[in-house]
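**Q** Just my_file37.pdb, nothing more (PDB, C-alpha atoms):
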```pdb
ATOM      1  CA  PRO C   1     -97.280 138.989 -57.239  1.00  0.00           C
ATOM      2  CA  GLY C   2     -95.692 135.557 -57.209  1.00  0.00           C
ATOM      3  CA  SER C   3     -92.459 136.890 -55.686  1.00  0.00           C
ATOM      4  CA  THR C   4     -91.278 137.217 -52.149  1.00  0.00           C
ATOM      5  CA  GLN C   5     -89.453 140.172 -50.749  1.00  0.00           C
ATOM      6  CA  PHE C   6     -86.510 139.562 -48.453  1.00  0.00           C
ATOM      7  CA  GLN C   7     -87.139 140.862 -44.964  1.00  0.00           C
ATOM      8  CA  TYR C   8     -84.162 142.118 -43.005  1.00  0.00           C
ATOM      9  CA  PRO C   9     -84.161 140.907 -39.402  1.00  0.00           C
ATOM     10  CA  GLN C  10     -85.364 143.502 -36.957  1.00  0.00           C
ATOM     11  CA  LEU C  11     -83.108 144.293 -34.028  1.00  0.00           C
ATOM     12  CA  SER C  12     -84.672 145.679 -30.915  1.00  0.00           C
ATOM     13  CA  PHE C  13     -83.058 148.528 -29.018  1.00  0.00           C
ATOM     14  CA  GLN C  14     -82.179 146.115 -26.233  1.00  0.00           C
ATOM     15  CA  ASP C  15     -80.373 143.781 -28.654  1.00  0.00           C
ATOM     16  CA  ASP C  16     -78.476 146.665 -30.200  1.00  0.00           C
ATOM     17  CA  GLN C  17     -77.537 148.045 -26.801  1.00  0.00           C
ATOM     18  CA  PHE C  18     -76.349 144.610 -25.701  1.00  0.00           C
ATOM     19  CA  GLN C  19     -73.977 144.454 -28.691  1.00  0.00           C
ATOM     20  CA  ILE C  20     -72.617 147.915 -27.921  1.00  0.00           C
ATOM     21  CA  ASN C  21     -72.030 147.029 -24.295  1.00  0.00           C
ATOM     22  CA  SER C  22     -70.274 143.821 -25.313  1.00  0.00           C
ATOM     23  CA  ILE C  23     -67.953 145.693 -27.673  1.00  0.00           C
ATOM     24  CA  ASP C  24     -67.214 148.334 -25.072  1.00  0.00           C
ATOM     25  CA  GLU C  25     -66.451 145.663 -22.486  1.00  0.00           C
ATOM     26  CA  LYS C  26     -64.134 143.874 -24.896  1.00  0.00           C
ATOM     27  CA  ILE C  27     -62.254 147.077 -25.728  1.00  0.00           C
ATOM     28  CA  ASN C  28     -61.868 147.888 -22.020  1.00  0.00           C
ATOM     29  CA  HIS C  29     -60.674 144.368 -21.288  1.00  0.00           C
ATOM     30  CA  ILE C  30     -58.001 144.517 -24.015  1.00  0.00           C
ATOM     31  CA  SER C  31     -56.910 147.958 -22.785  1.00  0.00           C
ATOM     32  CA  ASN C  32     -56.596 146.761 -19.182  1.00  0.00           C
ATOM     33  CA  PHE C  33     -54.822 143.596 -20.270  1.00  0.00           C
ATOM     34  CA  LYS C  34     -52.377 145.613 -22.383  1.00  0.00           C
ATOM     35  CA  ASN C  35     -51.627 148.035 -19.532  1.00  0.00           C
ATOM     36  CA  PHE C  36     -51.009 145.208 -17.105  1.00  0.00           C
ATOM     37  CA  ILE C  37     -48.600 143.146 -19.204  1.00  0.00           C
ATOM     38  CA  ASN C  38     -46.681 146.203 -20.404  1.00  0.00           C
ATOM     39  CA  ASP C  39     -46.435 148.008 -17.045  1.00  0.00           C
ATOM     40  CA  GLU C  40     -46.075 145.009 -14.729  1.00  0.00           C
ATOM     41  CA  ILE C  41     -44.206 142.515 -16.899  1.00  0.00           C
ATOM     42  CA  PHE C  42     -42.422 143.980 -19.911  1.00  0.00           C
ATOM     43  CA  LYS C  43     -41.296 147.260 -18.388  1.00  0.00           C
ATOM     44  CA  PRO C  44     -39.326 145.649 -15.506  1.00  0.00           C
ATOM     45  CA  ILE C  45     -37.727 143.225 -17.972  1.00  0.00           C
ATOM     46  CA  LEU C  46     -36.747 145.867 -20.507  1.00  0.00           C
ATOM     47  CA  GLN C  47     -35.479 148.281 -17.850  1.00  0.00           C
ATOM     48  CA  GLU C  48     -33.349 145.696 -16.038  1.00  0.00           C
ATOM     49  CA  SER C  49     -29.786 147.062 -16.125  1.00  0.00           C
ATOM     50  CA  ASN C  50     -27.521 144.075 -15.355  1.00  0.00           C
ATOM     51  CA  ILE C  51     -28.244 142.230 -18.579  1.00  0.00           C
ATOM     52  CA  LYS C  52     -27.234 145.331 -20.549  1.00  0.00           C
ATOM     53  CA  LYS C  53     -23.712 144.939 -19.167  1.00  0.00           C
ATOM     54  CA  VAL C  54     -23.308 141.602 -20.944  1.00  0.00           C
ATOM     55  CA  SER C  55     -21.986 141.952 -24.468  1.00  0.00           C
ATOM     56  CA  SER C  56     -23.986 140.634 -27.411  1.00  0.00           C
ATOM     57  CA  LEU C  57     -24.028 136.865 -27.700  1.00  0.00           C
ATOM     58  CA  ASN C  58     -22.853 137.351 -31.289  1.00  0.00           C
ATOM     59  CA  HIS C  59     -19.607 138.958 -30.078  1.00  0.00           C
ATOM     60  CA  LYS C  60     -16.567 136.963 -31.165  1.00  0.00           C
ATOM     61  CA  HIS C  61     -15.131 136.559 -27.654  1.00  0.00           C
ATOM     62  CA  HIS C  62     -18.057 134.261 -26.813  1.00  0.00           C
ATOM     63  CA  TYR C  63     -16.837 131.656 -29.308  1.00  0.00           C
ATOM     64  CA  VAL C  64     -13.847 129.338 -29.516  1.00  0.00           C
ATOM     65  CA  GLY C  65     -11.409 130.753 -32.044  1.00  0.00           C
ATOM     66  CA  GLY C  66     -13.361 133.984 -32.112  1.00  0.00           C
ATOM     67  CA  LYS C  67     -15.759 132.718 -34.746  1.00  0.00           C
ATOM     68  CA  LYS C  68     -19.365 131.662 -34.393  1.00  0.00           C
ATOM     69  CA  SER C  69     -19.956 128.277 -35.988  1.00  0.00           C
ATOM     70  CA  GLY C  70     -23.215 126.546 -36.655  1.00  0.00           C
ATOM     71  CA  HIS C  71     -24.118 122.990 -35.720  1.00  0.00           C
ATOM     72  CA  PHE C  72     -26.301 121.213 -38.204  1.00  0.00           C
ATOM     73  CA  ALA C  73     -26.255 117.627 -36.965  1.00  0.00           C
ATOM     74  CA  GLY C  74     -29.509 116.324 -35.582  1.00  0.00           C
ATOM     75  CA  PRO C  75     -31.595 113.235 -34.934  1.00  0.00           C
ATOM     76  CA  VAL C  76     -32.313 112.445 -38.581  1.00  0.00           C
ATOM     77  CA  LYS C  77     -32.042 109.088 -40.284  1.00  0.00           C
ATOM     78  CA  GLU C  78     -28.904 110.077 -42.203  1.00  0.00           C
ATOM     79  CA  ASN C  79     -27.053 110.706 -38.920  1.00  0.00           C
ATOM     80  CA  TYR C  80     -28.294 107.605 -37.081  1.00  0.00           C
ATOM     81  CA  GLN C  81     -25.742 106.577 -34.436  1.00  0.00           C
ATOM     82  CA  GLN C  82     -23.417 109.308 -35.687  1.00  0.00           C
ATOM     83  CA  ASP C  83     -24.749 112.270 -33.744  1.00  0.00           C
ATOM     84  CA  PRO C  84     -22.328 113.839 -31.278  1.00  0.00           C
ATOM     85  CA  ILE C  85     -22.895 113.422 -27.564  1.00  0.00           C
ATOM     86  CA  TYR C  86     -23.945 116.761 -26.124  1.00  0.00           C
ATOM     87  CA  THR C  87     -21.422 116.986 -23.320  1.00  0.00           C
ATOM     88  CA  LYS C  88     -20.506 120.237 -21.573  1.00  0.00           C
ATOM     89  CA  GLU C  89     -17.189 120.279 -23.419  1.00  0.00           C
ATOM     90  CA  PHE C  90     -18.913 119.853 -26.767  1.00  0.00           C
ATOM     91  CA  LEU C  91     -21.443 122.619 -26.113  1.00  0.00           C
ATOM     92  CA  LEU C  92     -18.725 125.031 -24.927  1.00  0.00           C
ATOM     93  CA  LYS C  93     -17.400 125.011 -28.478  1.00  0.00           C
ATOM     94  CA  PHE C  94     -20.398 127.062 -29.511  1.00  0.00           C
ATOM     95  CA  LEU C  95     -20.872 129.613 -26.728  1.00  0.00           C
ATOM     96  CA  THR C  96     -18.866 130.631 -23.691  1.00  0.00           C
ATOM     97  CA  LEU C  97     -19.550 133.185 -20.962  1.00  0.00           C
ATOM     98  CA  ASN C  98     -16.915 134.447 -18.574  1.00  0.00           C
ATOM     99  CA  PRO C  99     -17.609 134.265 -14.799  1.00  0.00           C
ATOM    100  CA  LYS C 100     -18.523 137.961 -14.609  1.00  0.00           C
ATOM    101  CA  GLU C 101     -21.090 137.583 -17.393  1.00  0.00           C
ATOM    102  CA  VAL C 102     -22.586 134.527 -15.711  1.00  0.00           C
ATOM    103  CA  GLN C 103     -23.011 136.440 -12.452  1.00  0.00           C
ATOM    104  CA  LEU C 104     -24.571 139.404 -14.251  1.00  0.00           C
ATOM    105  CA  MET C 105     -27.075 137.141 -15.983  1.00  0.00           C
ATOM    106  CA  LYS C 106     -27.930 135.390 -12.711  1.00  0.00           C
ATOM    107  CA  LYS C 107     -28.447 138.735 -11.004  1.00  0.00           C
ATOM    108  CA  SER C 108     -30.548 139.973 -13.907  1.00  0.00           C
ATOM    109  CA  HIS C 109     -32.738 136.883 -13.789  1.00  0.00           C
ATOM    110  CA  SER C 110     -33.182 137.126 -10.022  1.00  0.00           C
ATOM    111  CA  THR C 111     -34.134 140.806 -10.233  1.00  0.00           C
ATOM    112  CA  MET C 112     -36.719 140.159 -12.932  1.00  0.00           C
ATOM    113  CA  VAL C 113     -38.279 137.203 -11.135  1.00  0.00           C
ATOM    114  CA  LYS C 114     -38.685 139.270  -7.962  1.00  0.00           C
ATOM    115  CA  SER C 115     -40.273 142.148  -9.881  1.00  0.00           C
ATOM    116  CA  LEU C 116     -42.860 140.016 -11.704  1.00  0.00           C
ATOM    117  CA  PRO C 117     -46.401 139.890 -10.314  1.00  0.00           C
ATOM    118  CA  LYS C 118     -47.428 136.685  -8.561  1.00  0.00           C
ATOM    119  CA  LYS C 119     -50.621 136.342 -10.590  1.00  0.00           C
ATOM    120  CA  PHE C 120     -52.870 138.069 -13.070  1.00  0.00           C
ATOM    121  CA  PRO C 121     -55.564 140.303 -11.549  1.00  0.00           C
ATOM    122  CA  ASP C 122     -58.890 138.534 -11.172  1.00  0.00           C
ATOM    123  CA  VAL C 123     -60.592 141.212 -13.277  1.00  0.00           C
ATOM    124  CA  LEU C 124     -58.476 140.061 -16.243  1.00  0.00           C
ATOM    125  CA  THR C 125     -58.814 136.312 -15.731  1.00  0.00           C
ATOM    126  CA  SER C 126     -62.528 136.195 -14.927  1.00  0.00           C
ATOM    127  CA  ASN C 127     -63.319 135.536 -18.592  1.00  0.00           C
ATOM    128  CA  PHE C 128     -60.409 133.161 -19.198  1.00  0.00           C
ATOM    129  CA  GLN C 129     -61.237 129.693 -20.493  1.00  0.00           C
ATOM    130  CA  PRO C 130     -59.909 126.731 -18.475  1.00  0.00           C
ATOM    131  CA  ASN C 131     -57.788 124.959 -21.117  1.00  0.00           C
ATOM    132  CA  GLY C 132     -56.599 125.645 -24.629  1.00  0.00           C
ATOM    133  CA  TYR C 133     -53.873 125.491 -27.241  1.00  0.00           C
ATOM    134  CA  VAL C 134     -51.809 128.316 -28.690  1.00  0.00           C
ATOM    135  CA  TYR C 135     -49.947 128.619 -31.987  1.00  0.00           C
ATOM    136  CA  VAL C 136     -47.764 131.415 -33.324  1.00  0.00           C
ATOM    137  CA  GLY C 137     -48.802 132.187 -36.884  1.00  0.00           C
ATOM    138  CA  GLY C 138     -48.087 135.019 -39.263  1.00  0.00           C
ATOM    139  CA  SER C 139     -46.920 135.070 -42.871  1.00  0.00           C
ATOM    140  CA  HIS C 140     -46.558 131.556 -44.344  1.00  0.00           C
ATOM    141  CA  PHE C 141     -46.862 130.061 -40.854  1.00  0.00           C
ATOM    142  CA  ASN C 142     -50.618 130.708 -41.017  1.00  0.00           C
ATOM    143  CA  TYR C 143     -51.084 127.820 -43.435  1.00  0.00           C
ATOM    144  CA  LEU C 144     -48.732 125.557 -41.490  1.00  0.00           C
ATOM    145  CA  VAL C 145     -50.905 126.266 -38.445  1.00  0.00           C
ATOM    146  CA  LEU C 146     -53.956 125.211 -40.457  1.00  0.00           C
ATOM    147  CA  LEU C 147     -52.373 121.837 -41.287  1.00  0.00           C
ATOM    148  CA  SER C 148     -51.381 121.266 -37.669  1.00  0.00           C
ATOM    149  CA  LEU C 149     -54.801 122.406 -36.453  1.00  0.00           C
ATOM    150  CA  LYS C 150     -56.526 119.911 -38.762  1.00  0.00           C
ATOM    151  CA  SER C 151     -54.376 117.104 -37.347  1.00  0.00           C
ATOM    152  CA  LEU C 152     -55.232 118.271 -33.818  1.00  0.00           C
ATOM    153  CA  ARG C 153     -58.950 118.062 -34.504  1.00  0.00           C
ATOM    154  CA  ALA C 154     -58.541 114.760 -36.340  1.00  0.00           C
ATOM    155  CA  SER C 155     -57.015 113.344 -33.143  1.00  0.00           C
ATOM    156  CA  GLY C 156     -60.274 114.090 -31.309  1.00  0.00           C
ATOM    157  CA  SER C 157     -59.160 117.223 -29.440  1.00  0.00           C
ATOM    158  CA  VAL C 158     -62.017 119.562 -28.518  1.00  0.00           C
ATOM    159  CA  PHE C 159     -60.311 122.332 -26.522  1.00  0.00           C
ATOM    160  CA  PRO C 160     -60.246 125.797 -28.125  1.00  0.00           C
ATOM    161  CA  VAL C 161     -57.262 127.193 -30.007  1.00  0.00           C
ATOM    162  CA  GLU C 162     -55.844 130.700 -30.320  1.00  0.00           C
ATOM    163  CA  VAL C 163     -53.464 131.654 -33.124  1.00  0.00           C
ATOM    164  CA  LEU C 164     -51.198 134.576 -32.246  1.00  0.00           C
ATOM    165  CA  ILE C 165     -50.367 136.735 -35.268  1.00  0.00           C
ATOM    166  CA  PRO C 166     -47.313 138.977 -34.681  1.00  0.00           C
ATOM    167  CA  LYS C 167     -48.389 141.911 -36.903  1.00  0.00           C
ATOM    168  CA  MET C 168     -51.664 143.103 -38.376  1.00  0.00           C
ATOM    169  CA  VAL C 169     -50.184 143.033 -41.897  1.00  0.00           C
ATOM    170  CA  GLU C 170     -49.815 139.246 -41.443  1.00  0.00           C
ATOM    171  CA  PHE C 171     -53.481 138.817 -40.529  1.00  0.00           C
ATOM    172  CA  ASP C 172     -55.101 136.548 -43.111  1.00  0.00           C
ATOM    173  CA  VAL C 173     -58.764 137.545 -43.341  1.00  0.00           C
ATOM    174  CA  GLU C 174     -59.945 134.323 -44.977  1.00  0.00           C
ATOM    175  CA  LEU C 175     -58.170 132.062 -42.509  1.00  0.00           C
ATOM    176  CA  CYS C 176     -58.862 134.057 -39.364  1.00  0.00           C
ATOM    177  CA  ASN C 177     -62.456 135.062 -40.058  1.00  0.00           C
ATOM    178  CA  TYR C 178     -63.801 132.042 -41.883  1.00  0.00           C
ATOM    179  CA  ILE C 179     -61.604 128.915 -41.801  1.00  0.00           C
ATOM    180  CA  PHE C 180     -60.060 128.842 -38.317  1.00  0.00           C
ATOM    181  CA  PRO C 181     -63.448 129.334 -36.593  1.00  0.00           C
ATOM    182  CA  LEU C 182     -64.622 126.100 -38.247  1.00  0.00           C
ATOM    183  CA  TYR C 183     -62.008 124.362 -36.081  1.00  0.00           C
ATOM    184  CA  ASN C 184     -62.891 126.286 -32.909  1.00  0.00           C
ATOM    185  CA  ALA C 185     -59.867 128.543 -33.345  1.00  0.00           C
ATOM    186  CA  LYS C 186     -59.479 132.312 -33.470  1.00  0.00           C
ATOM    187  CA  CYS C 187     -56.718 134.797 -34.196  1.00  0.00           C
ATOM    188  CA  LEU C 188     -55.223 137.392 -31.869  1.00  0.00           C
ATOM    189  CA  VAL C 189     -52.804 140.069 -33.086  1.00  0.00           C
ATOM    190  CA  ILE C 190     -49.817 140.500 -30.781  1.00  0.00           C
ATOM    191  CA  GLU C 191     -49.442 144.168 -31.813  1.00  0.00           C
ATOM    192  CA  ASP C 192     -52.794 144.855 -30.153  1.00  0.00           C
ATOM    193  CA  PHE C 193     -51.400 143.866 -26.760  1.00  0.00           C
ATOM    194  CA  ILE C 194     -47.852 145.232 -26.594  1.00  0.00           C
ATOM    195  CA  THR C 195     -46.446 148.721 -27.074  1.00  0.00           C
ATOM    196  CA  LYS C 196     -44.431 149.739 -30.121  1.00  0.00           C
ATOM    197  CA  GLU C 197     -41.355 150.059 -27.913  1.00  0.00           C
ATOM    198  CA  THR C 198     -41.716 146.489 -26.718  1.00  0.00           C
ATOM    199  CA  SER C 199     -42.525 145.216 -30.200  1.00  0.00           C
ATOM    200  CA  LYS C 200     -39.218 146.521 -31.551  1.00  0.00           C
ATOM    201  CA  LYS C 201     -37.302 144.372 -29.046  1.00  0.00           C
ATOM    202  CA  ILE C 202     -39.144 141.114 -29.708  1.00  0.00           C
ATOM    203  CA  ASN C 203     -38.370 138.963 -32.694  1.00  0.00           C
ATOM    204  CA  LYS C 204     -38.609 135.469 -34.132  1.00  0.00           C
ATOM    205  CA  TYR C 205     -38.670 132.709 -31.514  1.00  0.00           C
ATOM    206  CA  GLN C 206     -39.303 135.192 -28.704  1.00  0.00           C
ATOM    207  CA  MET C 207     -42.851 135.383 -30.040  1.00  0.00           C
ATOM    208  CA  LYS C 208     -43.509 131.955 -28.530  1.00  0.00           C
ATOM    209  CA  SER C 209     -42.961 133.319 -25.022  1.00  0.00           C
ATOM    210  CA  ILE C 210     -45.259 136.223 -25.831  1.00  0.00           C
ATOM    211  CA  ALA C 211     -47.908 133.796 -27.077  1.00  0.00           C
ATOM    212  CA  LEU C 212     -47.835 132.003 -23.718  1.00  0.00           C
ATOM    213  CA  LEU C 213     -48.494 135.341 -22.054  1.00  0.00           C
ATOM    214  CA  ILE C 214     -51.073 136.801 -24.434  1.00  0.00           C
ATOM    215  CA  ASN C 215     -53.897 134.291 -24.567  1.00  0.00           C
ATOM    216  CA  SER C 216     -57.167 133.699 -22.747  1.00  0.00           C
ATOM    217  CA  PHE C 217     -56.485 130.291 -21.163  1.00  0.00           C
ATOM    218  CA  LYS C 218     -55.735 129.460 -17.537  1.00  0.00           C
ATOM    219  CA  ASN C 219     -53.919 126.312 -18.646  1.00  0.00           C
ATOM    220  CA  VAL C 220     -52.220 126.528 -22.015  1.00  0.00           C
ATOM    221  CA  MET C 221     -50.177 124.279 -24.292  1.00  0.00           C
ATOM    222  CA  LEU C 222     -47.969 125.862 -26.949  1.00  0.00           C
ATOM    223  CA  LEU C 223     -47.866 123.982 -30.253  1.00  0.00           C
ATOM    224  CA  ASP C 224     -45.477 124.730 -33.114  1.00  0.00           C
ATOM    225  CA  SER C 225     -46.928 125.295 -36.540  1.00  0.00           C
ATOM    226  CA  ASP C 226     -45.037 122.270 -37.886  1.00  0.00           C
ATOM    227  CA  ASN C 227     -46.356 119.883 -35.210  1.00  0.00           C
ATOM    228  CA  MET C 228     -48.461 117.012 -36.504  1.00  0.00           C
ATOM    229  CA  ILE C 229     -50.677 115.572 -33.763  1.00  0.00           C
ATOM    230  CA  LEU C 230     -50.851 111.773 -33.646  1.00  0.00           C
ATOM    231  CA  LYS C 231     -52.696 111.334 -30.331  1.00  0.00           C
ATOM    232  CA  ASN C 232     -55.295 113.511 -28.669  1.00  0.00           C
ATOM    233  CA  PRO C 233     -53.346 115.636 -26.137  1.00  0.00           C
ATOM    234  CA  ASP C 234     -56.425 116.906 -24.256  1.00  0.00           C
ATOM    235  CA  TYR C 235     -55.774 114.423 -21.419  1.00  0.00           C
ATOM    236  CA  LEU C 236     -52.561 116.282 -20.535  1.00  0.00           C
ATOM    237  CA  PHE C 237     -54.655 119.080 -19.037  1.00  0.00           C
TER     238      PHE C 237
END
```
With the file now loaded, output its structure as C-alpha cells.
**A**
Amino acid sequence: PGSTQFQYPQLSFQDDQFQINSIDEKINHISNFKNFINDEIFKPILQESNIKKVSSLNHKHHYVGGKKSGHFAGPVKENYQQDPIYTKEFLLKFLTLNPKEVQLMKKSHSTMVKSLPKKFPDVLTSNFQPNGYVYVGGSHFNYLVLLSLKSLRASGSVFPVEVLIPKMVEFDVELCNYIFPLYNAKCLVIEDFITKETSKKINKYQMKSIALLINSFKNVMLLDSDNMILKNPDYLF
C-alpha cells in the first residue's frame, strides 16, 4: 500500500515479429551489399595485373638522387609568400615514373574503369537516403569527428551523418550509441562490409575512398575529422 509497482511494457506478438523481420531484413541487406562491393568492385581492382608490374612507389629509382625526400612547406602564416611554386619540374623532384610505368598505370586504370558496374543495384539503393555527410573515424579520430560534427550542426546543417569506423576494436560505444545519435549521426564499421583479404590491402587515407563507397546516401559529401564548418554546406546538395 502507498507504493506503485513498475509495469514493464507489453509487446504484442505482431510487434515482436515486426522487430525480428526488420533485423532479418537489415542482416540480408548488409550481406547483399557486402557481396556486391566485394565481388563487383574490389575483386576486379585487386586482381588487376598491370599495376602489379609497377614497382613500389617507395623504390629508390622513383626519386631524384635515389632518395625519397619529404616536403613540409605549406600555406601557413610562417611561410607567407615563401612557398614554392608547384611547377612540373618542382614536383618531379619528389616522384618520377618512367614511360613504361606510366603506360602500365594508364592501362590498369582503363581496365578497372571498364570492369566497374555502371550503378548499384536498385535492391541495394532502395533504402538509401537522398543526401548526407560521411566522416572516417576510429581511434582518436572519433573525438575529432565529434568536434567537427558539433560545428556542422551549429552551422544549421540538418542532413544525416555516417561515421565510418575502420575496425570493430575502434568502435566507441559511448560515442556511437549515445552521443552521435544526438546529432543525427550513426556509426558503421568498415570491417562489416569488406572481406579480410580486402581489409589487409587498405590502409590509412585509402579509408576515405572506402567511406565514399560504404554509406547509405545517394549524394554524399566526405568531411575530414579536422574540418571546422563555418557555413552551412547543405545548399551544395
**Q** Residues of segment 77-181 of chain C that have any atom at most 7 Å from an atom of segment 218-224 of chain C: could you tabulate them with the shortest-distance atom pair and the distance in Å to one decimal, using all atoms listed in the file, ordered by chain and increasing number, as a tab-separated table?
**A**
```
residue	atom	partner	partner_atom	distance
C:Phe128	CA	C:Lys218	CA	6.2
C:Gln129	CA	C:Lys218	CA	6.3
C:Pro130	CA	C:Lys218	CA	5.1
C:Asn131	CA	C:Asn219	CA	4.8
C:Gly132	CA	C:Val220	CA	5.2
C:Tyr133	CA	C:Met221	CA	4.9
C:Val134	CA	C:Leu222	CA	4.9
C:Tyr135	CA	C:Leu223	CA	5.4
```
**Q** One number please: atom CA of Gly138 of chain C to atom CA of Glu170 of chain C, in Å, one decimal.
**A**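 Between atom CA of Gly138 of chain C and atom CA of Glu170 of chain C the gap works out to 5.1 Å.
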**Q** To one decimal in Å, tell me the separation between atom CA of Asp234 of chain C and atom CA of Ser157 of chain C.
**A**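 Result for atom CA of Asp234 of chain C versus atom CA of Ser157 of chain C: 5.9 Å, one decimal.
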**Q** How would you write, as a short mmCIF file (atom, residue, chain, number, x, y, z; two decimals) with C-alpha atoms, in the frame of the given file, the residues chosen by the PyMOL selection byres ((chain C and resi 50-58) around 10) on this structure?
**A**
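Output file result_12.cif follows:
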```
data_model
loop_
_atom_site.label_atom_id
_atom_site.label_comp_id
_atom_site.auth_asym_id
_atom_site.auth_seq_id
_atom_site.Cartn_x
_atom_site.Cartn_y
_atom_site.Cartn_z
CA ILE C 45 -37.73 143.22 -17.97
CA LEU C 46 -36.75 145.87 -20.51
CA GLN C 47 -35.48 148.28 -17.85
CA GLU C 48 -33.35 145.70 -16.04
CA SER C 49 -29.79 147.06 -16.12
CA HIS C 59 -19.61 138.96 -30.08
CA LYS C 60 -16.57 136.96 -31.16
CA HIS C 61 -15.13 136.56 -27.65
CA HIS C 62 -18.06 134.26 -26.81
CA TYR C 63 -16.84 131.66 -29.31
CA LYS C 67 -15.76 132.72 -34.75
CA LYS C 68 -19.36 131.66 -34.39
CA LEU C 95 -20.87 129.61 -26.73
CA THR C 96 -18.87 130.63 -23.69
CA LEU C 97 -19.55 133.18 -20.96
CA ASN C 98 -16.92 134.45 -18.57
CA LYS C 100 -18.52 137.96 -14.61
CA GLU C 101 -21.09 137.58 -17.39
CA VAL C 102 -22.59 134.53 -15.71
CA GLN C 103 -23.01 136.44 -12.45
CA LEU C 104 -24.57 139.40 -14.25
CA MET C 105 -27.08 137.14 -15.98
CA LYS C 106 -27.93 135.39 -12.71
CA LYS C 107 -28.45 138.74 -11.00
CA SER C 108 -30.55 139.97 -13.91
CA HIS C 109 -32.74 136.88 -13.79
CA THR C 111 -34.13 140.81 -10.23
#
```
**Q** List as a VMD selection string the protein and nucleic acid residues near segment 208-217 of chain C, meaning an atom at most 12 Å away when only C-alpha atoms are counted, but skip any in the same chain fewer than 3 places from it.
**A** chain C and resid 29 to 30 33 to 34 36 to 38 41 to 42 119 to 120 124 to 137 159 to 166 186 to 194 198 to 199 201 to 205 220 to 225 237
**Q** Next, dump the selected residues to file, keeping only C-alpha atoms, as a PDB file, in the coordinates of the input.
**A**
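Below you can see out.pdb, which holds the result:
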```
ATOM      1  CA  HIS C  29     -60.674 144.368 -21.288  1.00  0.00           C
ATOM      2  CA  ILE C  30     -58.001 144.517 -24.015  1.00  0.00           C
ATOM      3  CA  PHE C  33     -54.822 143.596 -20.270  1.00  0.00           C
ATOM      4  CA  LYS C  34     -52.377 145.613 -22.383  1.00  0.00           C
ATOM      5  CA  PHE C  36     -51.009 145.208 -17.105  1.00  0.00           C
ATOM      6  CA  ILE C  37     -48.600 143.146 -19.204  1.00  0.00           C
ATOM      7  CA  ASN C  38     -46.681 146.203 -20.404  1.00  0.00           C
ATOM      8  CA  ILE C  41     -44.206 142.515 -16.899  1.00  0.00           C
ATOM      9  CA  PHE C  42     -42.422 143.980 -19.911  1.00  0.00           C
ATOM     10  CA  LYS C 119     -50.621 136.342 -10.590  1.00  0.00           C
ATOM     11  CA  PHE C 120     -52.870 138.069 -13.070  1.00  0.00           C
ATOM     12  CA  LEU C 124     -58.476 140.061 -16.243  1.00  0.00           C
ATOM     13  CA  THR C 125     -58.814 136.312 -15.731  1.00  0.00           C
ATOM     14  CA  SER C 126     -62.528 136.195 -14.927  1.00  0.00           C
ATOM     15  CA  ASN C 127     -63.319 135.536 -18.592  1.00  0.00           C
ATOM     16  CA  PHE C 128     -60.409 133.161 -19.198  1.00  0.00           C
ATOM     17  CA  GLN C 129     -61.237 129.693 -20.493  1.00  0.00           C
ATOM     18  CA  PRO C 130     -59.909 126.731 -18.475  1.00  0.00           C
ATOM     19  CA  ASN C 131     -57.788 124.959 -21.117  1.00  0.00           C
ATOM     20  CA  GLY C 132     -56.599 125.645 -24.629  1.00  0.00           C
ATOM     21  CA  TYR C 133     -53.873 125.491 -27.241  1.00  0.00           C
ATOM     22  CA  VAL C 134     -51.809 128.316 -28.690  1.00  0.00           C
ATOM     23  CA  TYR C 135     -49.947 128.619 -31.987  1.00  0.00           C
ATOM     24  CA  VAL C 136     -47.764 131.415 -33.324  1.00  0.00           C
ATOM     25  CA  GLY C 137     -48.802 132.187 -36.884  1.00  0.00           C
ATOM     26  CA  PHE C 159     -60.311 122.332 -26.522  1.00  0.00           C
ATOM     27  CA  PRO C 160     -60.246 125.797 -28.125  1.00  0.00           C
ATOM     28  CA  VAL C 161     -57.262 127.193 -30.007  1.00  0.00           C
ATOM     29  CA  GLU C 162     -55.844 130.700 -30.320  1.00  0.00           C
ATOM     30  CA  VAL C 163     -53.464 131.654 -33.124  1.00  0.00           C
ATOM     31  CA  LEU C 164     -51.198 134.576 -32.246  1.00  0.00           C
ATOM     32  CA  ILE C 165     -50.367 136.735 -35.268  1.00  0.00           C
ATOM     33  CA  PRO C 166     -47.313 138.977 -34.681  1.00  0.00           C
ATOM     34  CA  LYS C 186     -59.479 132.312 -33.470  1.00  0.00           C
ATOM     35  CA  CYS C 187     -56.718 134.797 -34.196  1.00  0.00           C
ATOM     36  CA  LEU C 188     -55.223 137.392 -31.869  1.00  0.00           C
ATOM     37  CA  VAL C 189     -52.804 140.069 -33.086  1.00  0.00           C
ATOM     38  CA  ILE C 190     -49.817 140.500 -30.781  1.00  0.00           C
ATOM     39  CA  GLU C 191     -49.442 144.168 -31.813  1.00  0.00           C
ATOM     40  CA  ASP C 192     -52.794 144.855 -30.153  1.00  0.00           C
ATOM     41  CA  PHE C 193     -51.400 143.866 -26.760  1.00  0.00           C
ATOM     42  CA  ILE C 194     -47.852 145.232 -26.594  1.00  0.00           C
ATOM     43  CA  THR C 198     -41.716 146.489 -26.718  1.00  0.00           C
ATOM     44  CA  SER C 199     -42.525 145.216 -30.200  1.00  0.00           C
ATOM     45  CA  LYS C 201     -37.302 144.372 -29.046  1.00  0.00           C
ATOM     46  CA  ILE C 202     -39.144 141.114 -29.708  1.00  0.00           C
ATOM     47  CA  ASN C 203     -38.370 138.963 -32.694  1.00  0.00           C
ATOM     48  CA  LYS C 204     -38.609 135.469 -34.132  1.00  0.00           C
ATOM     49  CA  TYR C 205     -38.670 132.709 -31.514  1.00  0.00           C
ATOM     50  CA  VAL C 220     -52.220 126.528 -22.015  1.00  0.00           C
ATOM     51  CA  MET C 221     -50.177 124.279 -24.292  1.00  0.00           C
ATOM     52  CA  LEU C 222     -47.969 125.862 -26.949  1.00  0.00           C
ATOM     53  CA  LEU C 223     -47.866 123.982 -30.253  1.00  0.00           C
ATOM     54  CA  ASP C 224     -45.477 124.730 -33.114  1.00  0.00           C
ATOM     55  CA  SER C 225     -46.928 125.295 -36.540  1.00  0.00           C
ATOM     56  CA  PHE C 237     -54.655 119.080 -19.037  1.00  0.00           C
TER      57      PHE C 237
END
```
**Q** In Å, how far is it from atom CA of Pro99 of chain C to atom CA of Gly66 of chain C?
**A**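 Between atom CA of Pro99 of chain C and atom CA of Gly66 of chain C the gap is 17.8 Å.
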